[in-house]
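Q: Pasting data-v2.tsv below, which is TSV, N, CA and C atoms.
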chain	number	residue	atom	x	y	z
M	1	GLN	N	-10.51	-3.63	-8.03
M	1	GLN	CA	-9.47	-3.00	-7.21
M	1	GLN	C	-9.58	-3.50	-5.78
M	2	VAL	N	-8.42	-3.54	-5.12
M	2	VAL	CA	-8.34	-3.97	-3.74
M	2	VAL	C	-7.92	-2.78	-2.89
M	3	GLN	N	-8.62	-2.59	-1.77
M	3	GLN	CA	-8.23	-1.55	-0.82
M	3	GLN	C	-7.51	-2.20	0.35
M	4	LEU	N	-6.37	-1.63	0.72
M	4	LEU	CA	-5.55	-2.17	1.80
M	4	LEU	C	-5.32	-1.10	2.86
M	5	VAL	N	-5.51	-1.47	4.12
M	5	VAL	CA	-5.32	-0.53	5.23
M	5	VAL	C	-4.40	-1.18	6.25
M	6	GLU	N	-3.24	-0.56	6.47
M	6	GLU	CA	-2.29	-1.06	7.44
M	6	GLU	C	-2.54	-0.42	8.81
M	7	SER	N	-2.15	-1.13	9.84
M	7	SER	CA	-2.22	-0.61	11.21
M	7	SER	C	-1.20	-1.34	12.05
M	8	GLY	N	-0.94	-0.79	13.24
M	8	GLY	CA	-0.07	-1.48	14.19
M	8	GLY	C	1.32	-0.90	14.32
M	9	GLY	N	1.65	0.10	13.52
M	9	GLY	CA	2.96	0.70	13.64
M	9	GLY	C	3.10	1.48	14.93
M	10	GLY	N	4.33	1.90	15.21
M	10	GLY	CA	4.57	2.67	16.42
M	10	GLY	C	6.05	2.80	16.70
M	11	SER	N	6.36	3.23	17.91
M	11	SER	CA	7.74	3.42	18.33
M	11	SER	C	8.08	2.41	19.42
M	12	VAL	N	9.19	1.73	19.23
M	12	VAL	CA	9.64	0.75	20.22
M	12	VAL	C	11.15	0.87	20.39
M	13	GLN	N	11.63	0.30	21.46
M	13	GLN	CA	13.07	0.24	21.66
M	13	GLN	C	13.64	-1.02	20.99
M	14	ALA	N	14.91	-0.97	20.70
M	14	ALA	CA	15.58	-2.13	20.09
M	14	ALA	C	15.35	-3.37	20.96
M	15	GLY	N	15.07	-4.47	20.28
M	15	GLY	CA	14.77	-5.71	20.98
M	15	GLY	C	13.28	-5.94	21.20
M	16	GLY	N	12.49	-4.90	20.95
M	16	GLY	CA	11.06	-5.00	21.16
M	16	GLY	C	10.34	-5.66	20.00
M	17	SER	N	9.01	-5.71	20.10
M	17	SER	CA	8.19	-6.38	19.10
M	17	SER	C	7.01	-5.50	18.71
M	18	LEU	N	6.56	-5.70	17.49
M	18	LEU	CA	5.35	-5.07	16.99
M	18	LEU	C	4.63	-6.05	16.08
M	19	LYS	N	3.32	-5.88	15.97
M	19	LYS	CA	2.53	-6.69	15.05
M	19	LYS	C	1.77	-5.74	14.13
M	20	LEU	N	2.07	-5.83	12.86
M	20	LEU	CA	1.37	-5.02	11.86
M	20	LEU	C	0.22	-5.82	11.27
M	21	SER	N	-0.85	-5.13	10.94
M	21	SER	CA	-2.01	-5.76	10.29
M	21	SER	C	-2.30	-5.06	8.98
M	22	CYS	N	-2.81	-5.81	8.03
M	22	CYS	CA	-3.22	-5.27	6.74
M	22	CYS	C	-4.60	-5.84	6.42
M	23	ALA	N	-5.61	-4.99	6.49
M	23	ALA	CA	-6.97	-5.40	6.22
M	23	ALA	C	-7.32	-5.08	4.77
M	24	ALA	N	-7.83	-6.08	4.06
M	24	ALA	CA	-8.14	-5.93	2.65
M	24	ALA	C	-9.65	-5.92	2.43
M	25	SER	N	-10.06	-5.14	1.45
M	25	SER	CA	-11.46	-5.12	1.05
M	25	SER	C	-11.53	-4.89	-0.46
M	26	GLY	N	-12.73	-5.05	-1.01
M	26	GLY	CA	-12.88	-4.89	-2.45
M	26	GLY	C	-12.76	-6.22	-3.16
M	27	HIS	N	-12.09	-6.23	-4.29
M	27	HIS	CA	-11.95	-7.44	-5.11
M	27	HIS	C	-10.86	-8.35	-4.56
M	28	THR	N	-11.09	-8.86	-3.37
M	28	THR	CA	-10.04	-9.63	-2.69
M	28	THR	C	-9.76	-10.95	-3.39
M	29	TYR	N	-10.66	-11.41	-4.25
M	29	TYR	CA	-10.42	-12.66	-4.97
M	29	TYR	C	-9.20	-12.54	-5.88
M	30	ARG	N	-8.79	-11.31	-6.16
M	30	ARG	CA	-7.62	-11.09	-7.01
M	30	ARG	C	-6.31	-11.21	-6.25
M	31	MET	N	-6.39	-11.30	-4.95
M	31	MET	CA	-5.18	-11.30	-4.12
M	31	MET	C	-4.62	-12.70	-4.02
M	32	SER	N	-3.69	-13.05	-4.88
M	32	SER	CA	-3.04	-14.34	-4.78
M	32	SER	C	-1.81	-14.28	-3.90
M	33	CYS	N	-1.15	-13.14	-3.92
M	33	CYS	CA	0.08	-12.94	-3.16
M	33	CYS	C	-0.04	-11.63	-2.40
M	34	MET	N	0.25	-11.69	-1.11
M	34	MET	CA	0.25	-10.50	-0.26
M	34	MET	C	1.67	-10.26	0.23
M	35	GLY	N	2.12	-9.03	0.12
M	35	GLY	CA	3.48	-8.71	0.52
M	35	GLY	C	3.56	-7.55	1.48
M	36	TRP	N	4.62	-7.55	2.25
M	36	TRP	CA	4.98	-6.40	3.09
M	36	TRP	C	6.28	-5.82	2.55
M	37	PHE	N	6.30	-4.50	2.40
M	37	PHE	CA	7.48	-3.77	1.96
M	37	PHE	C	7.78	-2.69	2.98
M	38	ARG	N	8.98	-2.18	2.94
M	38	ARG	CA	9.31	-1.05	3.79
M	38	ARG	C	10.21	-0.08	3.01
M	39	GLN	N	10.13	1.16	3.44
M	39	GLN	CA	10.92	2.19	2.80
M	39	GLN	C	11.42	3.17	3.85
M	40	GLY	N	12.73	3.21	4.01
M	40	GLY	CA	13.34	4.16	4.92
M	40	GLY	C	13.66	5.45	4.20
M	41	PRO	N	14.09	6.46	4.96
M	41	PRO	CA	14.42	7.76	4.35
M	41	PRO	C	15.56	7.63	3.33
M	42	GLY	N	15.31	8.11	2.15
M	42	GLY	CA	16.35	8.15	1.13
M	42	GLY	C	16.71	6.84	0.48
M	43	VAL	N	15.92	5.80	0.72
M	43	VAL	CA	16.22	4.51	0.11
M	43	VAL	C	15.00	3.99	-0.63
M	44	GLY	N	15.22	3.00	-1.47
M	44	GLY	CA	14.12	2.43	-2.24
M	44	GLY	C	13.27	1.50	-1.40
M	45	ARG	N	12.16	1.08	-1.96
M	45	ARG	CA	11.24	0.19	-1.27
M	45	ARG	C	11.81	-1.23	-1.28
M	46	GLU	N	11.85	-1.83	-0.09
M	46	GLU	CA	12.46	-3.14	0.11
M	46	GLU	C	11.42	-4.19	0.44
M	47	GLY	N	11.49	-5.33	-0.22
M	47	GLY	CA	10.60	-6.44	0.09
M	47	GLY	C	10.95	-7.06	1.43
M	48	VAL	N	9.99	-7.17	2.33
M	48	VAL	CA	10.21	-7.71	3.66
M	48	VAL	C	9.73	-9.15	3.75
M	49	ALA	N	8.51	-9.38	3.32
M	49	ALA	CA	7.94	-10.73	3.40
M	49	ALA	C	6.74	-10.82	2.48
M	50	ALA	N	6.37	-12.05	2.13
M	50	ALA	CA	5.19	-12.26	1.31
M	50	ALA	C	4.59	-13.62	1.62
M	51	ILE	N	3.29	-13.75	1.31
M	51	ILE	CA	2.60	-15.01	1.57
M	51	ILE	C	1.62	-15.30	0.46
M	52	ASP	N	1.57	-16.55	0.01
M	52	ASP	CA	0.57	-16.96	-0.97
M	52	ASP	C	-0.77	-17.12	-0.27
M	53	SER	N	-1.79	-16.45	-0.75
M	53	SER	CA	-3.09	-16.47	-0.10
M	53	SER	C	-3.70	-17.87	-0.09
M	54	GLY	N	-3.43	-18.64	-1.15
M	54	GLY	CA	-4.01	-19.97	-1.23
M	54	GLY	C	-3.24	-21.01	-0.45
M	55	GLY	N	-2.01	-21.25	-0.84
M	55	GLY	CA	-1.24	-22.32	-0.23
M	55	GLY	C	-0.50	-21.96	1.04
M	56	GLY	N	-0.35	-20.67	1.31
M	56	GLY	CA	0.30	-20.26	2.53
M	56	GLY	C	1.81	-20.26	2.50
M	57	SER	N	2.43	-20.47	1.32
M	57	SER	CA	3.89	-20.40	1.26
M	57	SER	C	4.36	-19.00	1.63
M	58	THR	N	5.48	-18.94	2.34
M	58	THR	CA	5.98	-17.65	2.81
M	58	THR	C	7.39	-17.39	2.30
M	59	TYR	N	7.72	-16.11	2.19
M	59	TYR	CA	9.01	-15.67	1.67
M	59	TYR	C	9.47	-14.49	2.52
M	60	TYR	N	10.79	-14.42	2.75
M	60	TYR	CA	11.34	-13.38	3.60
M	60	TYR	C	12.60	-12.78	3.00
M	61	GLY	N	12.79	-11.50	3.28
M	61	GLY	CA	14.04	-10.86	2.94
M	61	GLY	C	15.12	-11.33	3.90
M	62	ASP	N	16.36	-11.32	3.44
M	62	ASP	CA	17.46	-11.82	4.25
M	62	ASP	C	17.61	-11.05	5.56
M	63	SER	N	17.32	-9.77	5.54
M	63	SER	CA	17.54	-8.94	6.72
M	63	SER	C	16.54	-9.20	7.83
M	64	VAL	N	15.45	-9.90	7.53
M	64	VAL	CA	14.42	-10.12	8.56
M	64	VAL	C	14.20	-11.60	8.88
M	65	LYS	N	14.86	-12.47	8.16
M	65	LYS	CA	14.68	-13.91	8.40
M	65	LYS	C	15.00	-14.25	9.85
M	66	GLY	N	14.13	-15.04	10.46
M	66	GLY	CA	14.33	-15.44	11.84
M	66	GLY	C	13.79	-14.45	12.86
M	67	ARG	N	13.43	-13.24	12.42
M	67	ARG	CA	12.89	-12.23	13.32
M	67	ARG	C	11.44	-11.86	12.99
M	68	PHE	N	11.09	-11.86	11.74
M	68	PHE	CA	9.74	-11.49	11.30
M	68	PHE	C	8.99	-12.72	10.82
M	69	THR	N	7.68	-12.70	11.04
M	69	THR	CA	6.82	-13.78	10.55
M	69	THR	C	5.58	-13.19	9.91
M	70	ILE	N	5.28	-13.64	8.70
M	70	ILE	CA	4.06	-13.20	8.03
M	70	ILE	C	3.01	-14.29	8.17
M	71	SER	N	1.77	-13.87	8.41
M	71	SER	CA	0.68	-14.83	8.55
M	71	SER	C	-0.59	-14.20	7.99
M	72	GLN	N	-1.64	-15.01	7.89
M	72	GLN	CA	-2.88	-14.48	7.33
M	72	GLN	C	-4.08	-15.12	7.99
M	73	ASP	N	-5.17	-14.40	7.95
M	73	ASP	CA	-6.47	-14.90	8.38
M	73	ASP	C	-7.40	-14.66	7.20
M	74	ASN	N	-7.59	-15.68	6.39
M	74	ASN	CA	-8.37	-15.50	5.16
M	74	ASN	C	-9.83	-15.16	5.45
M	75	ALA	N	-10.34	-15.64	6.57
M	75	ALA	CA	-11.73	-15.33	6.92
M	75	ALA	C	-11.91	-13.84	7.17
M	76	LYS	N	-10.84	-13.19	7.62
M	76	LYS	CA	-10.91	-11.75	7.90
M	76	LYS	C	-10.26	-10.92	6.80
M	77	ASN	N	-9.75	-11.59	5.76
M	77	ASN	CA	-9.03	-10.88	4.69
M	77	ASN	C	-7.94	-9.99	5.28
M	78	THR	N	-7.20	-10.54	6.20
M	78	THR	CA	-6.17	-9.77	6.91
M	78	THR	C	-4.85	-10.53	6.89
M	79	VAL	N	-3.79	-9.78	6.65
M	79	VAL	CA	-2.43	-10.31	6.69
M	79	VAL	C	-1.68	-9.60	7.81
M	80	TYR	N	-0.84	-10.35	8.49
M	80	TYR	CA	-0.11	-9.82	9.64
M	80	TYR	C	1.39	-9.91	9.40
M	81	LEU	N	2.11	-9.03	10.05
M	81	LEU	CA	3.56	-9.12	10.08
M	81	LEU	C	3.98	-9.00	11.55
M	82	HIS	N	4.45	-10.14	12.09
M	82	HIS	CA	4.90	-10.18	13.46
M	82	HIS	C	6.40	-9.87	13.43
M	83	MET	N	6.79	-8.82	14.12
M	83	MET	CA	8.18	-8.38	14.10
M	83	MET	C	8.76	-8.48	15.50
M	84	ASN	N	9.78	-9.30	15.63
M	84	ASN	CA	10.45	-9.51	16.91
M	84	ASN	C	11.90	-9.06	16.82
M	85	ASN	N	12.50	-8.85	17.99
M	85	ASN	CA	13.90	-8.45	18.05
M	85	ASN	C	14.18	-7.30	17.08
M	86	LEU	N	13.38	-6.28	17.17
M	86	LEU	CA	13.51	-5.15	16.26
M	86	LEU	C	14.82	-4.41	16.46
M	87	LYS	N	15.34	-3.90	15.36
M	87	LYS	CA	16.61	-3.18	15.36
M	87	LYS	C	16.39	-1.76	14.81
M	88	PRO	N	17.25	-0.83	15.16
M	88	PRO	CA	17.10	0.53	14.62
M	88	PRO	C	17.03	0.57	13.10
M	89	GLU	N	17.72	-0.34	12.44
M	89	GLU	CA	17.70	-0.36	10.97
M	89	GLU	C	16.38	-0.86	10.40
M	90	ASP	N	15.48	-1.33	11.25
M	90	ASP	CA	14.13	-1.70	10.81
M	90	ASP	C	13.22	-0.48	10.70
M	91	THR	N	13.70	0.66	11.16
M	91	THR	CA	12.91	1.88	11.10
M	91	THR	C	12.57	2.22	9.66
M	92	ALA	N	11.29	2.36	9.37
M	92	ALA	CA	10.83	2.61	8.01
M	92	ALA	C	9.31	2.77	8.01
M	93	MET	N	8.80	3.21	6.87
M	93	MET	CA	7.37	3.13	6.62
M	93	MET	C	7.12	1.74	6.03
M	94	TYR	N	6.16	1.04	6.60
M	94	TYR	CA	5.84	-0.31	6.16
M	94	TYR	C	4.54	-0.29	5.35
M	95	TYR	N	4.60	-0.95	4.19
M	95	TYR	CA	3.47	-0.97	3.28
M	95	TYR	C	3.02	-2.40	3.02
M	96	CYS	N	1.73	-2.57	2.89
M	96	CYS	CA	1.13	-3.82	2.47
M	96	CYS	C	0.79	-3.71	0.99
M	97	ALA	N	0.95	-4.81	0.27
M	97	ALA	CA	0.68	-4.80	-1.16
M	97	ALA	C	0.04	-6.12	-1.57
M	98	ALA	N	-0.72	-6.08	-2.66
M	98	ALA	CA	-1.41	-7.27	-3.16
M	98	ALA	C	-1.22	-7.40	-4.66
M	99	ARG	N	-1.22	-8.64	-5.12
M	99	ARG	CA	-1.06	-8.89	-6.55
M	99	ARG	C	-1.68	-10.24	-6.90
M	100	SER	N	-1.87	-10.47	-8.17
M	100	SER	CA	-2.29	-11.78	-8.64
M	100	SER	C	-1.05	-12.61	-8.93
M	101	GLY	N	-1.21	-13.91	-9.07
M	101	GLY	CA	-0.08	-14.78	-9.34
M	101	GLY	C	0.64	-15.20	-8.08
M	102	LEU	N	1.39	-16.26	-8.17
M	102	LEU	CA	2.12	-16.78	-7.03
M	102	LEU	C	3.23	-15.84	-6.59
M	103	CYS	N	3.48	-15.82	-5.29
M	103	CYS	CA	4.55	-14.97	-4.74
M	103	CYS	C	5.92	-15.39	-5.27
M	104	TYR	N	6.04	-16.69	-5.59
M	104	TYR	CA	7.34	-17.23	-6.00
M	104	TYR	C	7.99	-16.37	-7.09
M	105	TYR	N	7.15	-15.83	-7.96
M	105	TYR	CA	7.67	-15.06	-9.08
M	105	TYR	C	7.86	-13.61	-8.69
M	106	GLY	N	9.04	-13.27	-8.23
M	106	GLY	CA	9.39	-11.89	-7.96
M	106	GLY	C	8.61	-11.22	-6.84
M	107	TRP	N	8.43	-11.93	-5.72
M	107	TRP	CA	7.65	-11.38	-4.61
M	107	TRP	C	8.25	-10.10	-4.07
M	108	HIS	N	9.54	-9.93	-4.21
M	108	HIS	CA	10.23	-8.82	-3.60
M	108	HIS	C	10.33	-7.58	-4.50
M	109	ILE	N	9.73	-7.64	-5.68
M	109	ILE	CA	9.80	-6.54	-6.63
M	109	ILE	C	8.53	-5.70	-6.54
M	110	PRO	N	8.65	-4.45	-6.09
M	110	PRO	CA	7.46	-3.61	-5.91
M	110	PRO	C	6.61	-3.47	-7.17
M	111	ASN	N	7.22	-3.37	-8.33
M	111	ASN	CA	6.45	-3.16	-9.55
M	111	ASN	C	5.56	-4.34	-9.91
M	112	ASN	N	5.77	-5.48	-9.26
M	112	ASN	CA	4.94	-6.66	-9.52
M	112	ASN	C	3.61	-6.62	-8.78
M	113	TYR	N	3.38	-5.61	-7.97
M	113	TYR	CA	2.17	-5.51	-7.16
M	113	TYR	C	1.23	-4.45	-7.73
M	114	ASN	N	-0.06	-4.76	-7.67
M	114	ASN	CA	-1.07	-3.89	-8.25
M	114	ASN	C	-1.66	-2.89	-7.25
M	115	ASP	N	-1.79	-3.32	-6.03
M	115	ASP	CA	-2.51	-2.52	-5.04
M	115	ASP	C	-1.63	-2.32	-3.80
M	116	TRP	N	-1.71	-1.12	-3.25
M	116	TRP	CA	-0.88	-0.74	-2.11
M	116	TRP	C	-1.71	-0.02	-1.05
M	117	GLY	N	-1.29	-0.21	0.20
M	117	GLY	CA	-1.87	0.56	1.28
M	117	GLY	C	-1.12	1.87	1.45
M	118	GLN	N	-1.57	2.66	2.43
M	118	GLN	CA	-0.96	3.98	2.67
M	118	GLN	C	0.28	3.89	3.55
M	119	GLY	N	0.46	2.79	4.22
M	119	GLY	CA	1.65	2.61	5.04
M	119	GLY	C	1.42	2.90	6.51
M	120	THR	N	2.28	2.30	7.34
M	120	THR	CA	2.28	2.56	8.77
M	120	THR	C	3.74	2.68	9.21
M	121	GLN	N	4.01	3.67	10.04
M	121	GLN	CA	5.39	3.99	10.42
M	121	GLN	C	5.85	3.11	11.58
M	122	VAL	N	7.05	2.57	11.44
M	122	VAL	CA	7.70	1.83	12.52
M	122	VAL	C	9.02	2.53	12.83
M	123	THR	N	9.20	2.88	14.10
M	123	THR	CA	10.41	3.55	14.54
M	123	THR	C	11.02	2.77	15.69
M	124	VAL	N	12.29	2.38	15.52
M	124	VAL	CA	12.98	1.60	16.54
M	124	VAL	C	14.15	2.43	17.05
M	125	SER	N	14.14	2.69	18.34
M	125	SER	CA	15.20	3.48	18.95
M	125	SER	C	16.25	2.56	19.58
M	126	PRO	N	17.49	3.02	19.63
M	126	PRO	CA	18.58	2.18	20.17
M	126	PRO	C	18.37	1.84	21.63
If you took the structure in this file and wrote it as structure tokens, what would it be?
A:
Amino acid sequence: QVQLVESGGGSVQAGGSLKLSCAASGHTYRMSCMGWFRQGPGVGREGVAAIDSGGGSTYYGDSVKGRFTISQDNAKNTVYLHMNNLKPEDTAMYYCAARSGLCYYGWHIPNNYNDWGQGTQVTVSP
């Protein structure tokens, strides 16, 4: 099992930036694909971005392309989500998730992930 702990959430005004971190521990060798998801009030969990732990390929949801960047520090077993030009519609609980297999195959589908963090809240005011 992999344990994931998110941090870095907070409240910002529209146009601002935040950097989320996801620290992994446990059986990290199983983490081939790391993803960030978000869930706003009354809506389902949405895939935001993902990264292949080995090759570093990255994937983004259409709503965040050009504004968010996912990166990793394998030495620290940590994945980051750099969020720029934040908008009120980015307000959500953000979750980190891990799975085996390449991200290419359904990175944006929550059920494809085995391990999840507790989430960190991001609130963007107009």
Q: Using only C-alpha atoms, I'd like a table of the residues in stretch 23-56 of chain M that come within 9 Å of stretch 67-77 of chain M; for each, show the closest atom pair and its distance in Å rounded to one decimal, ordered by chain and ascending number, as a tab-separated table.
A:
residue	atom	partner	partner_atom	distance
M:Ala23	CA	M:Asn77	CA	6.1
M:Ala24	CA	M:Asn77	CA	5.4
M:Ser25	CA	M:Asn77	CA	7.2
M:Thr28	CA	M:Asn77	CA	7.6
M:Gly35	CA	M:Ile70	CA	8.8
M:Trp36	CA	M:Ile70	CA	8.5
M:Val48	CA	M:Phe68	CA	8.5
M:Ala49	CA	M:Ile70	CA	6.5
M:Ala50	CA	M:Ile70	CA	6.9
M:Ile51	CA	M:Ile70	CA	6.9
M:Ser53	CA	M:Asn74	CA	7.5
M:Gly54	CA	M:Asn74	CA	8.9
M:Gly56	CA	M:Ser71	CA	8.1
Q: Sorted by chain and rising residue number, which residues of stretch 54-124 of chain M lie within 9 Å of stretch 17-21 of chain M, and what are their closest atom pairs and distances in Å to one decimal, counting only C-alpha atoms, as a tab-separated table?
A:
residue	atom	partner	partner_atom	distance
M:Thr78	CA	M:Ser21	CA	6.7
M:Val79	CA	M:Ser21	CA	5.8
M:Tyr80	CA	M:Ser21	CA	4.5
M:Leu81	CA	M:Leu20	CA	5.0
M:His82	CA	M:Lys19	CA	4.5
M:Met83	CA	M:Leu18	CA	5.2
M:Asn84	CA	M:Ser17	CA	4.4
M:Asn85	CA	M:Ser17	CA	6.2
M:Leu86	CA	M:Ser17	CA	6.2
M:Tyr94	CA	M:Leu20	CA	8.6
M:Cys96	CA	M:Ser21	CA	8.6
M:Thr120	CA	M:Leu20	CA	8.2
M:Val122	CA	M:Leu18	CA	8.6
Q: Please, what distance in Å, to one decimal, runs between atom CA of M:Cys103 and atom CA of M:Ser32?
A: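 That distance, rounded to one decimal, is 7.6 Å.
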Q: How many Å lie between atom CA of M:Val124 and atom CA of M:Gly40, rounded to one decimal?
A: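 If I compute the distance from atom CA of M:Val124 to atom CA of M:Gly40, I get 11.9 Å.
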Q: Choose the residue, out of M:Pro41, M:Pro110, M:Gly55, M:Gly47, that has the smallest atom-to-atom separation from M:Met93; count all atoms listed in the file.
A: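 Between M:Pro41, M:Pro110, M:Gly55, M:Gly47, the residue approaching M:Met93 most closely is M:Pro41.
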Q: Using all atoms listed in the file, which of the listed residues (M:Gly119, M:Gly61, M:Pro126, M:Gly66) sits closest to M:Glu6?
A: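 Checking each candidate against M:Glu6, we get M:Gly119 as the closest.
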Q: Hey, which of M:Ser100, M:Gly44, M:Val5, M:Arg30 ends up closest to M:Gln118? Count all atoms listed in the file.
A: M:Val5
Q: Between M:Ala98, M:Val64, M:Met31, M:Val43, which is the closest to M:Leu4 once you count all atoms listed in the file?
A: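 Among the listed residues, the smallest separation from M:Leu4 belongs to M:Ala98.
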Q: Compile the contact shell of M:Gly10 as a list of chain:residue names: residues with an atom at most 6 Å away, counting all atoms listed in the file, same-chain residues fewer than 2 positions apart removed.
A: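 Result of the neighbour search: M:Gly8, M:Val12, M:Gln121, M:Val122, M:Thr123.
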Q: Please measure the separation of atom CA of M:Phe37 and atom CA of M:Ser11, giving the value in Å to one decimal.
A: 17.9 Å
Q: So, counting only C-alpha atoms, which residue among M:Thr58, M:Ser7, M:Ser125, M:Ser63 is closest to M:Trp107?
A: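 Among the listed residues, M:Thr58 lies closest to M:Trp107.
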Q: Would you list, as an NGL selection string, the residues of chain M that end up in helix (DSSP H, G or I) under DSSP run on this structure's backbone?
A: :M and (28-30 or 74-76 or 88-90 or 110-112)
Q: To test your reading of the structure, identify every residue in stretch 15-52 of chain M that backbone DSSP assigns to strand (DSSP E), and report it as a list in words.
A: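 Listing strand (DSSP E) positions across stretch 15-52 of chain M yields Leu18, Lys19, Leu20, Ser21, Cys22, Ala23, Ala24, Ser25, Gly26, Cys33, Met34, Gly35, Trp36, Phe37, Arg38, Gln39, Glu46, Gly47, Val48, Ala49, Ala50, Ile51 and Asp52 of chain M.
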